[in-house]
file entry29.pdb (PDB, C-alpha atoms)
MODEL        1
ATOM      1  CA  MET L 269     196.512 -96.208 -33.249
ATOM      2  CA  ASP L 270     195.918 -98.979 -30.687
ATOM      3  CA  GLU L 271     192.621-100.814 -30.727
ATOM      4  CA  PRO L 272     190.574 -99.961 -27.596
ATOM      5  CA  THR L 273     190.593-103.652 -26.681
ATOM      6  CA  GLN L 274     194.387-103.526 -26.285
ATOM      7  CA  ARG L 275     194.549-100.611 -23.851
ATOM      8  CA  PRO L 276     195.421-101.655 -20.285
ATOM      9  CA  THR L 277     193.393-100.728 -17.204
ATOM     10  CA  PRO L 278     194.638 -99.762 -13.722
ATOM     11  CA  LEU L 279     195.128-102.158 -10.841
ATOM     12  CA  LEU L 280     194.123-100.466  -7.578
ATOM     13  CA  ARG L 281     194.983-101.642  -4.064
ATOM     14  CA  TRP L 282     191.979-101.058  -1.803
ATOM     15  CA  ARG L 283     191.724-102.301   1.778
ATOM     16  CA  GLY L 284     194.295-105.024   1.219
ATOM     17  CA  ARG L 285     192.742-106.407  -1.975
ATOM     18  CA  LEU L 286     193.410-105.692  -5.656
ATOM     19  CA  LEU L 287     190.775-104.223  -7.961
ATOM     20  CA  LYS L 288     191.244-104.577 -11.716
ATOM     21  CA  LEU L 289     189.345-101.525 -12.972
ATOM     22  CA  GLU L 290     187.756-102.759 -16.192
ATOM     23  CA  CYS L 291     185.011-100.214 -15.489
ATOM     24  CA  LEU L 292     187.438 -97.576 -16.862
ATOM     25  CA  ARG L 293     187.505 -99.078 -20.332
ATOM     26  CA  GLN L 294     186.278 -96.965 -23.229
ATOM     27  CA  ALA L 295     182.949 -98.814 -23.420
ATOM     28  CA  GLY L 296     182.483 -98.672 -19.635
ATOM     29  CA  GLY L 297     182.925-102.401 -19.080
ATOM     30  CA  VAL L 298     184.921-105.549 -19.682
ATOM     31  CA  ASP L 299     182.935-106.974 -22.595
ATOM     32  CA  ASP L 300     184.917-105.140 -25.277
ATOM     33  CA  ARG L 301     187.934-107.292 -24.310
ATOM     34  CA  ALA L 302     186.309-110.133 -26.265
ATOM     35  CA  LEU L 303     185.452-108.248 -29.458
ATOM     36  CA  GLY L 304     188.385-109.921 -31.212
ATOM     37  CA  ILE L 305     186.217-113.022 -31.649
ATOM     38  CA  PHE L 306     183.927-111.131 -34.048
ATOM     39  CA  PRO L 307     184.594-111.616 -37.781
ATOM     40  CA  GLN L 308     185.722-108.815 -40.057
ATOM     41  CA  LEU L 309     182.556-107.595 -41.775
ATOM     42  CA  ALA L 310     182.205-105.183 -44.653
ATOM     43  CA  ARG L 311     180.664-101.771 -44.012
ATOM     44  CA  GLY L 312     176.918-102.022 -44.533
ATOM     45  CA  SER L 313     176.759-105.675 -43.456
ATOM     46  CA  GLU L 314     174.098-106.983 -41.094
ATOM     47  CA  ALA L 315     174.878-108.983 -37.967
ATOM     48  CA  ALA L 316     172.899-110.571 -35.123
ATOM     49  CA  LEU L 317     173.916-111.317 -31.544
ATOM     50  CA  ALA L 318     172.456-112.742 -28.347
ATOM     51  CA  ALA L 319     173.784-110.687 -25.445
ATOM     52  CA  ASN L 320     173.196-109.342 -21.965
ATOM     53  CA  ALA L 321     173.173-105.566 -21.542
ATOM     54  CA  GLY L 322     176.940-105.162 -21.126
ATOM     55  CA  GLY L 323     177.699-107.347 -24.130
ATOM     56  CA  ALA L 324     175.085-105.542 -26.212
ATOM     57  CA  LEU L 325     176.661-102.159 -25.452
ATOM     58  CA  ALA L 326     180.150-103.378 -26.367
ATOM     59  CA  ALA L 327     178.846-104.923 -29.601
ATOM     60  CA  ALA L 328     176.869-101.784 -30.456
ATOM     61  CA  GLY L 329     180.044 -99.706 -30.183
ATOM     62  CA  TRP L 330     181.890-102.213 -32.380
ATOM     63  CA  ALA L 331     179.100-102.137 -34.987
ATOM     64  CA  ARG L 332     178.905 -98.357 -35.035
ATOM     65  CA  ARG L 333     182.659 -97.970 -35.604
ATOM     66  CA  ARG L 334     182.535-100.420 -38.513
ATOM     67  CA  GLY L 335     179.274 -99.376 -40.127
ATOM     68  CA  VAL L 336     177.599-102.717 -39.379
ATOM     69  CA  ARG L 337     173.837-102.883 -38.838
ATOM     70  CA  LEU L 338     173.454-104.802 -35.583
ATOM     71  CA  LYS L 339     170.392-106.644 -34.294
ATOM     72  CA  VAL L 340     170.511-107.846 -30.684
ATOM     73  CA  ALA L 341     168.448-110.488 -28.912
ATOM     74  CA  LEU L 342     168.782-109.008 -25.431
ATOM     75  CA  TYR L 343     168.359-110.979 -22.217
ATOM     76  CA  GLY L 344     168.820-110.272 -18.519
ATOM     77  CA  PRO L 345     168.312-107.092 -16.486
ATOM     78  CA  ALA L 346     169.098-103.778 -18.178
ATOM     79  CA  SER L 347     168.809-100.298 -16.727
ATOM     80  CA  HIS L 348     166.972 -97.477 -18.478
ATOM     81  CA  GLU L 349     170.340 -95.873 -19.290
ATOM     82  CA  MET L 350     171.627 -99.036 -20.953
ATOM     83  CA  ILE L 351     168.533 -99.286 -23.148
ATOM     84  CA  GLU L 352     168.777 -95.627 -24.155
ATOM     85  CA  ALA L 353     172.483 -96.042 -24.985
ATOM     86  CA  LEU L 354     171.664 -98.954 -27.298
ATOM     87  CA  ARG L 355     169.096 -96.800 -29.084
ATOM     88  CA  LEU L 356     171.511 -93.879 -29.391
ATOM     89  CA  TRP L 357     174.224 -96.154 -30.805
ATOM     90  CA  GLY L 358     171.851 -97.447 -33.477
ATOM     91  CA  ALA L 359     171.446-101.074 -32.390
ATOM     92  CA  ALA L 360     168.081-102.704 -33.060
ATOM     93  CA  PHE L 361     167.097-104.968 -30.184
ATOM     94  CA  GLU L 362     164.304-107.010 -28.697
ATOM     95  CA  ARG L 363     163.975-108.350 -25.157
ATOM     96  CA  LEU L 364     163.936-112.103 -24.483
ATOM     97  CA  PRO L 365     163.257-113.784 -21.117
ATOM     98  CA  THR L 366     166.303-116.104 -20.995
ATOM     99  CA  ARG L 367     169.749-116.533 -22.550
ATOM    100  CA  GLU L 368     168.575-119.697 -24.315
ATOM    101  CA  ASP L 369     165.629-117.812 -25.846
ATOM    102  CA  ALA L 370     167.986-115.056 -26.979
ATOM    103  CA  LEU L 371     170.410-117.521 -28.601
ATOM    104  CA  ARG L 372     167.537-119.102 -30.535
ATOM    105  CA  ARG L 373     166.167-115.723 -31.596
ATOM    106  CA  ALA L 374     169.562-114.427 -32.728
ATOM    107  CA  ARG L 375     169.769-117.315 -35.216
ATOM    108  CA  GLN L 376     166.469-116.142 -36.722
ATOM    109  CA  LEU L 377     167.317-112.458 -37.087
ATOM    110  CA  GLY L 378     169.366-112.772 -40.272
ATOM    111  CA  GLY L 379     172.784-111.449 -41.146
ATOM    112  CA  GLU L 380     176.079-112.733 -39.763
ATOM    113  CA  LEU L 381     175.530-114.575 -36.476
ATOM    114  CA  LEU L 382     178.126-113.255 -34.021
ATOM    115  CA  PRO L 383     179.556-115.496 -31.285
ATOM    116  CA  PRO L 384     178.270-114.568 -27.806
ATOM    117  CA  LEU L 385     180.499-112.361 -25.657
ATOM    118  CA  ASP L 386     179.841-114.604 -22.651
ATOM    119  CA  GLY L 387     180.600-117.935 -24.358
ATOM    120  CA  PRO L 388     183.655-120.237 -24.495
ATOM    121  CA  LYS L 389     185.318-118.347 -27.370
ATOM    122  CA  ALA L 390     184.973-115.125 -25.395
ATOM    123  CA  ALA L 391     186.525-116.725 -22.302
ATOM    124  CA  LEU L 392     189.536-117.814 -24.369
ATOM    125  CA  GLU L 393     189.894-114.302 -25.779
ATOM    126  CA  LEU L 394     189.680-112.819 -22.285
ATOM    127  CA  ALA L 395     192.378-115.235 -21.103
ATOM    128  CA  ARG L 396     194.555-113.820 -23.897
ATOM    129  CA  THR L 397     193.729-110.162 -23.225
ATOM    130  CA  LEU L 398     192.671-109.542 -19.620
ATOM    131  CA  GLY L 399     194.305-112.695 -18.257
ATOM    132  CA  GLN L 400     197.729-111.965 -19.729
ATOM    133  CA  GLU L 401     197.513-108.385 -18.498
ATOM    134  CA  LEU L 402     196.823-109.642 -14.981
ATOM    135  CA  LEU L 403     199.844-111.938 -15.156
ATOM    136  CA  GLN L 404     201.970-108.902 -15.983
ATOM    137  CA  ASP L 405     200.383-106.836 -13.191
ATOM    138  CA  ILE L 406     200.457-109.350 -10.331
ATOM    139  CA  SER L 407     203.589-110.769  -8.715
ATOM    140  CA  ALA L 408     201.986-113.131  -6.167
ATOM    141  CA  ALA L 409     199.021-115.473  -6.271
ATOM    142  CA  PRO L 410     195.737-113.837  -5.251
ATOM    143  CA  ALA L 411     193.950-115.737  -2.500
ATOM    144  CA  LEU L 412     190.686-115.462  -4.410
ATOM    145  CA  VAL L 413     189.342-114.001  -7.668
ATOM    146  CA  VAL L 414     185.787-112.617  -7.609
ATOM    147  CA  ALA L 415     183.586-111.228 -10.395
ATOM    148  CA  PRO L 416     179.865-110.979 -11.146
ATOM    149  CA  ALA L 417     178.310-114.049 -12.770
ATOM    150  CA  GLY L 418     177.062-111.886 -15.630
ATOM    151  CA  ALA L 419     180.706-111.285 -16.560
ATOM    152  CA  SER L 420     181.476-114.999 -16.629
ATOM    153  CA  ALA L 421     183.856-114.821 -19.615
ATOM    154  CA  ALA L 422     185.981-112.249 -17.774
ATOM    155  CA  LEU L 423     186.116-114.392 -14.651
ATOM    156  CA  LEU L 424     186.769-117.686 -16.464
ATOM    157  CA  GLY L 425     189.387-116.141 -18.750
ATOM    158  CA  SER L 426     191.178-114.434 -15.870
ATOM    159  CA  VAL L 427     191.237-117.602 -13.782
ATOM    160  CA  GLN L 428     192.397-119.713 -16.718
ATOM    161  CA  ALA L 429     195.388-117.411 -17.219
ATOM    162  CA  LEU L 430     196.210-117.057 -13.516
ATOM    163  CA  ARG L 431     196.093-120.821 -12.952
ATOM    164  CA  THR L 432     198.851-121.325 -15.527
ATOM    165  CA  ARG L 433     201.127-119.787 -12.893
ATOM    166  CA  TRP L 434     199.207-120.470  -9.673
ATOM    167  CA  PRO L 435     197.023-123.606 -10.011
ATOM    168  CA  GLU L 436     195.622-123.165  -6.509
ATOM    169  CA  VAL L 437     193.794-119.890  -7.260
ATOM    170  CA  ARG L 438     190.120-120.022  -6.180
ATOM    171  CA  ALA L 439     187.342-118.158  -7.949
ATOM    172  CA  ILE L 440     183.827-117.049  -7.052
ATOM    173  CA  ALA L 441     181.034-115.907  -9.382
ATOM    174  CA  LEU L 442     178.435-113.704  -7.694
ATOM    175  CA  THR L 443     174.769-114.436  -8.355
ATOM    176  CA  ALA L 444     171.560-112.735  -7.215
ATOM    177  CA  ALA L 445     170.007-113.832  -3.935
ATOM    178  CA  ASP L 446     166.889-111.776  -4.613
ATOM    179  CA  GLU L 447     166.618-108.932  -7.136
ATOM    180  CA  GLU L 448     168.606-109.465 -10.328
ATOM    181  CA  LEU L 449     170.831-106.634 -11.543
ATOM    182  CA  PRO L 450     172.899-106.000 -14.666
ATOM    183  CA  GLU L 451     175.757-108.546 -14.354
ATOM    184  CA  LEU L 452     174.033-110.283 -11.443
ATOM    185  CA  PRO L 453     171.793-113.104 -12.707
ATOM    186  CA  ARG L 454     170.284-115.758 -10.489
ATOM    187  CA  ALA L 455     172.290-118.628 -11.949
ATOM    188  CA  GLY L 456     174.706-119.753 -14.636
ATOM    189  CA  GLU L 457     177.311-122.351 -15.544
ATOM    190  CA  PHE L 458     180.819-121.669 -14.268
ATOM    191  CA  PRO L 459     183.163-124.664 -14.612
ATOM    192  CA  GLY L 460     185.778-124.762 -11.868
ATOM    193  CA  VAL L 461     184.277-121.731 -10.118
ATOM    194  CA  GLU L 462     182.296-121.446  -6.861
ATOM    195  CA  THR L 463     179.138-119.335  -6.689
ATOM    196  CA  ARG L 464     177.945-116.980  -3.972
ATOM    197  CA  ALA L 465     174.513-115.356  -3.825
ATOM    198  CA  ILE L 466     174.272-111.754  -2.647
ATOM    199  CA  SER L 467     171.252-109.565  -2.023
ATOM    200  CA  PHE L 468     170.405-106.232  -3.617
ATOM    201  CA  ALA L 469     170.887-104.564  -0.228
ATOM    202  CA  GLU L 470     174.417-106.016   0.105
ATOM    203  CA  ALA L 471     175.334-104.945  -3.428
ATOM    204  CA  SER L 472     173.914-101.457  -2.883
ATOM    205  CA  GLN L 473     175.848-101.014   0.366
ATOM    206  CA  ALA L 474     179.055-102.216  -1.285
ATOM    207  CA  ARG L 475     178.595 -99.765  -4.160
ATOM    208  CA  SER L 476     178.087 -96.854  -1.778
ATOM    209  CA  ASP L 477     181.071 -97.856   0.371
ATOM    210  CA  LEU L 478     183.429 -98.270  -2.595
ATOM    211  CA  ALA L 479     182.397 -94.907  -4.064
ATOM    212  CA  ARG L 480     182.857 -93.045  -0.761
ATOM    213  CA  SER L 481     186.182 -94.635   0.164
ATOM    214  CA  SER L 482     187.906 -94.850  -3.224
ATOM    215  CA  GLY L 483     186.116 -92.488  -5.609
ATOM    216  CA  ILE L 484     185.315 -95.436  -7.914
ATOM    217  CA  LEU L 485     181.692 -95.550  -9.068
ATOM    218  CA  ALA L 486     181.288 -99.196 -10.046
ATOM    219  CA  SER L 487     178.216-101.234 -10.841
ATOM    220  CA  HIS L 488     176.383-102.831  -7.919
ATOM    221  CA  ALA L 489     177.640-106.300  -8.851
ATOM    222  CA  SER L 490     181.251-105.174  -9.352
ATOM    223  CA  ALA L 491     181.312-103.344  -6.031
ATOM    224  CA  ALA L 492     179.975-106.459  -4.314
ATOM    225  CA  ALA L 493     182.842-108.413  -5.888
ATOM    226  CA  ALA L 494     185.316-105.895  -4.483
ATOM    227  CA  ALA L 495     183.804-106.224  -1.019
ATOM    228  CA  LEU L 496     183.818-110.023  -1.104
ATOM    229  CA  ALA L 497     187.365-110.448  -2.441
ATOM    230  CA  GLY L 498     188.874-109.904   1.024
ATOM    231  CA  VAL L 499     192.493-109.280   1.958
ATOM    232  CA  ASN L 500     194.908-110.550  -0.715
ATOM    233  CA  GLY L 501     192.005-111.212  -3.065
ATOM    234  CA  LEU L 502     191.423-109.886  -6.568
ATOM    235  CA  ALA L 503     188.137-108.412  -7.808
ATOM    236  CA  ILE L 504     187.393-107.801 -11.481
ATOM    237  CA  VAL L 505     185.473-104.506 -11.433
ATOM    238  CA  THR L 506     183.692-105.267 -14.654
ATOM    239  CA  ALA L 507     181.352-102.329 -15.264
ATOM    240  CA  ALA L 508     180.906 -98.661 -14.496
ATOM    241  CA  GLY L 509     178.212 -97.473 -12.123
ATOM    242  CA  GLU L 510     177.177 -94.712 -14.522
ATOM    243  CA  ARG L 511     175.216 -97.384 -16.364
ATOM    244  CA  GLU L 512     173.019 -97.801 -13.301
ATOM    245  CA  PHE L 513     172.016 -94.279 -12.316
ATOM    246  CA  SER L 514     168.495 -95.611 -12.723
ATOM    247  CA  LEU L 515     167.562 -99.252 -12.278
ATOM    248  CA  GLU L 516     164.217 -98.657 -13.930
ATOM    249  CA  ARG L 517     163.539-101.689 -16.125
ATOM    250  CA  ALA L 518     162.774-101.092 -19.780
ATOM    251  CA  THR L 519     159.563-102.696 -20.997
TER
ENDMDL
END

call {"tool": "encode", "arguments": {"input": "entry29.pdb", "output": "structure tokens"}}
result
Amino acid sequence: MDEPTQRPTPLLRWRGRLLKLECLRQAGGVDDRALGIFPQLARGSEAALAANAGGALAAAGWARRRGVRLKVALYGPASHEMIEALRLWGAAFERLPTREDALRRARQLGGELLPPLDGPKAALELARTLGQELLQDISAAPALVVAPAGASAALLGSVQALRTRWPEVRAIALTAADEELPELPRAGEFPGVETRAISFAEASQARSDLARSSGILASHASAAAAALAGVNGLAIVTAAGEREFSLERAT
């Protein structure tokens, strides 16, 4: 049986742009593309990880399938549904204010320290998985590649692969202009990538428009990426909107 990380996702043409629908992956988002960077652990092992909400959900699914006891240092916005899913999947977690705080805390939690799903190793793995799939899907250079900043490994990996064929490809990471959302932080480091700040109102409108016109319920940040990609652009639709039925913040 194929590993879930190897299953392809659809490429949809919408209003002259291409949408890579990573939101249709088994875990509801793109983060499981990078799970190949995790070590093989024996059933009953303990592991610790610093992750945003999407990465934590992907890792929790990985841990549950393998019988690994996972502890997560969680940072960034997370909806009520995301927090409840982590509890249902058996991941122990604590909230930290920043990514740097979470990385420090993960080192203290004990067990095998897992590499972050938004780090350089993850970007290389996403170049191998998502990036190579895009090269098979696309016959001409996209004018622009857009993804939420919270899915930086997906964006960086995709662009790295696409630039092996089309060095001129531009990329934009979306950040939060006001209210942060899952996958939409205020800032980050994105080598070789432009940034663009969008508001909650813009993201909400984009989500509603994409759902009405295409039937795709994507996350706010992913829908904003689709709207911004423009004609002949490519948007990585990195997460499903079902994760955001409520944007109530867990305390």

call {"tool": "atom_distance", "arguments": {"input": "entry29.pdb", "atom1": "atom CA of L:Arg367", "atom2": "atom CA of L:Gln294"}}
result
25.6 Å

call {"tool": "axis_aligned_box", "arguments": {"input": "entry29.pdb", "around": "stretch 285-290 of chain L", "padding_each_side": "4 Å", "output": "AutoDock Vina command-line options"}}
result
--center_x 190.6 --center_y -104.0 --center_z -9.1 --size_x 13.7 --size_y 12.9 --size_z 22.2

call {"tool": "resolve_selection", "arguments": {"input": "entry29.pdb", "expression": "the PyMOL selection byres ((chain L and resi 486-493) around 8)", "output": "PDB file with C-alpha atoms, in the frame of the given file"}}
result
ATOM      1  CA  CYS L 291     185.011-100.214 -15.489  1.00  0.00           C
ATOM      2  CA  VAL L 414     185.787-112.617  -7.609  1.00  0.00           C
ATOM      3  CA  ALA L 415     183.586-111.228 -10.395  1.00  0.00           C
ATOM      4  CA  PRO L 416     179.865-110.979 -11.146  1.00  0.00           C
ATOM      5  CA  LEU L 442     178.435-113.704  -7.694  1.00  0.00           C
ATOM      6  CA  LEU L 449     170.831-106.634 -11.543  1.00  0.00           C
ATOM      7  CA  PRO L 450     172.899-106.000 -14.666  1.00  0.00           C
ATOM      8  CA  GLU L 451     175.757-108.546 -14.354  1.00  0.00           C
ATOM      9  CA  LEU L 452     174.033-110.283 -11.443  1.00  0.00           C
ATOM     10  CA  ILE L 466     174.272-111.754  -2.647  1.00  0.00           C
ATOM     11  CA  GLU L 470     174.417-106.016   0.105  1.00  0.00           C
ATOM     12  CA  ALA L 471     175.334-104.945  -3.428  1.00  0.00           C
ATOM     13  CA  SER L 472     173.914-101.457  -2.883  1.00  0.00           C
ATOM     14  CA  ALA L 474     179.055-102.216  -1.285  1.00  0.00           C
ATOM     15  CA  ARG L 475     178.595 -99.765  -4.160  1.00  0.00           C
ATOM     16  CA  LEU L 478     183.429 -98.270  -2.595  1.00  0.00           C
ATOM     17  CA  ALA L 479     182.397 -94.907  -4.064  1.00  0.00           C
ATOM     18  CA  ILE L 484     185.315 -95.436  -7.914  1.00  0.00           C
ATOM     19  CA  LEU L 485     181.692 -95.550  -9.068  1.00  0.00           C
ATOM     20  CA  ALA L 494     185.316-105.895  -4.483  1.00  0.00           C
ATOM     21  CA  ALA L 495     183.804-106.224  -1.019  1.00  0.00           C
ATOM     22  CA  LEU L 496     183.818-110.023  -1.104  1.00  0.00           C
ATOM     23  CA  ALA L 497     187.365-110.448  -2.441  1.00  0.00           C
ATOM     24  CA  ALA L 503     188.137-108.412  -7.808  1.00  0.00           C
ATOM     25  CA  ILE L 504     187.393-107.801 -11.481  1.00  0.00           C
ATOM     26  CA  VAL L 505     185.473-104.506 -11.433  1.00  0.00           C
ATOM     27  CA  THR L 506     183.692-105.267 -14.654  1.00  0.00           C
ATOM     28  CA  ALA L 507     181.352-102.329 -15.264  1.00  0.00           C
ATOM     29  CA  ALA L 508     180.906 -98.661 -14.496  1.00  0.00           C
ATOM     30  CA  GLY L 509     178.212 -97.473 -12.123  1.00  0.00           C
ATOM     31  CA  GLU L 510     177.177 -94.712 -14.522  1.00  0.00           C
ATOM     32  CA  ARG L 511     175.216 -97.384 -16.364  1.00  0.00           C
ATOM     33  CA  GLU L 512     173.019 -97.801 -13.301  1.00  0.00           C
TER      34      GLU L 512
END

call {"tool": "closest_residue", "arguments": {"input": "entry29.pdb", "among": "L:Ala421, L:Leu412, L:Val340, L:Ile406", "to": "L:Leu303", "atoms": "all atoms listed in the file"}}
result
L:Ala421

call {"tool": "closest_residue", "arguments": {"input": "entry29.pdb", "among": "L:Ala374, L:Leu385, L:Val427, L:Val437", "to": "L:Gly399", "atoms": "only C-alpha atoms"}}
result
L:Val427

call {"tool": "residues_around", "arguments": {"input": "entry29.pdb", "residues": "L:Ala324", "least_positions_apart": "6", "cutoff": "10 Å", "atoms": "all atoms listed in the file", "output": "ChimeraX atom specification"}}
result
/L:299-300,317-318,330,338-343,350-351,353-354,359,361,384-385

call {"tool": "resolve_selection", "arguments": {"input": "entry29.pdb", "expression": "the PyMOL selection byres ((chain L and resi 289) around 6)", "output": "list in words"}}
result
Thr277, Pro278, Leu287, Lys288, Glu290, Cys291, Leu292 and Val505 of chain L

call {"tool": "atom_distance", "arguments": {"input": "entry29.pdb", "atom1": "atom CA of L:Ala360", "atom2": "atom CA of L:Thr397"}}
result
28.5 Å

call {"tool": "atom_distance", "arguments": {"input": "entry29.pdb", "atom1": "atom CA of L:Leu356", "atom2": "atom CA of L:Ala419"}}
result
23.5 Å

call {"tool": "closest_residue", "arguments": {"input": "entry29.pdb", "among": "L:Gly329, L:Gly387, L:Gly418, L:Pro365", "to": "L:Ile305", "atoms": "all atoms listed in the file"}}
result
L:Gly387

call {"tool": "residues_around", "arguments": {"input": "entry29.pdb", "residues": "L:Ala445", "least_positions_apart": "3", "cutoff": "8 Å", "atoms": "only C-alpha atoms", "output": "ChimeraX atom specification"}}
result
/L:448,454,465-468

call {"tool": "closest_residue", "arguments": {"input": "entry29.pdb", "among": "L:Leu280, L:Phe306, L:Arg275, L:Arg334", "to": "L:Gly483", "atoms": "only C-alpha atoms"}}
result
L:Leu280

call {"tool": "residues_around", "arguments": {"input": "entry29.pdb", "residues": "L:Glu314", "least_positions_apart": "3", "cutoff": "7 Å", "atoms": "all atoms listed in the file", "output": "ChimeraX atom specification"}}
result
/L:336-338,379-380

call {"tool": "write_last_selection", "arguments": {"input": "entry29.pdb", "atoms": "C-alpha atoms", "output": "tab-separated table (two decimals), in the coordinates of the input"}}
result
chain	number	residue	atom	x	y	z
L	336	VAL	CA	177.60	-102.72	-39.38
L	337	ARG	CA	173.84	-102.88	-38.84
L	338	LEU	CA	173.45	-104.80	-35.58
L	379	GLY	CA	172.78	-111.45	-41.15
L	380	GLU	CA	176.08	-112.73	-39.76

call {"tool": "resolve_selection", "arguments": {"input": "entry29.pdb", "expression": "the PyMOL selection byres ((chain L and resi 408) around 12)", "output": "ChimeraX atom specification"}}
result
/L:286,402-407,409-412,430-431,433-434,436-437,500-502

call {"tool": "closest_residue", "arguments": {"input": "entry29.pdb", "among": "L:Ser420, L:Ser481, L:Thr443, L:Gln400", "to": "L:Gly460", "atoms": "only C-alpha atoms"}}
result
L:Ser420

call {"tool": "closest_residue", "arguments": {"input": "entry29.pdb", "among": "L:Gly498, L:Gly378, L:Gly297, L:Gly344", "to": "L:Ala315", "atoms": "only C-alpha atoms"}}
result
L:Gly378
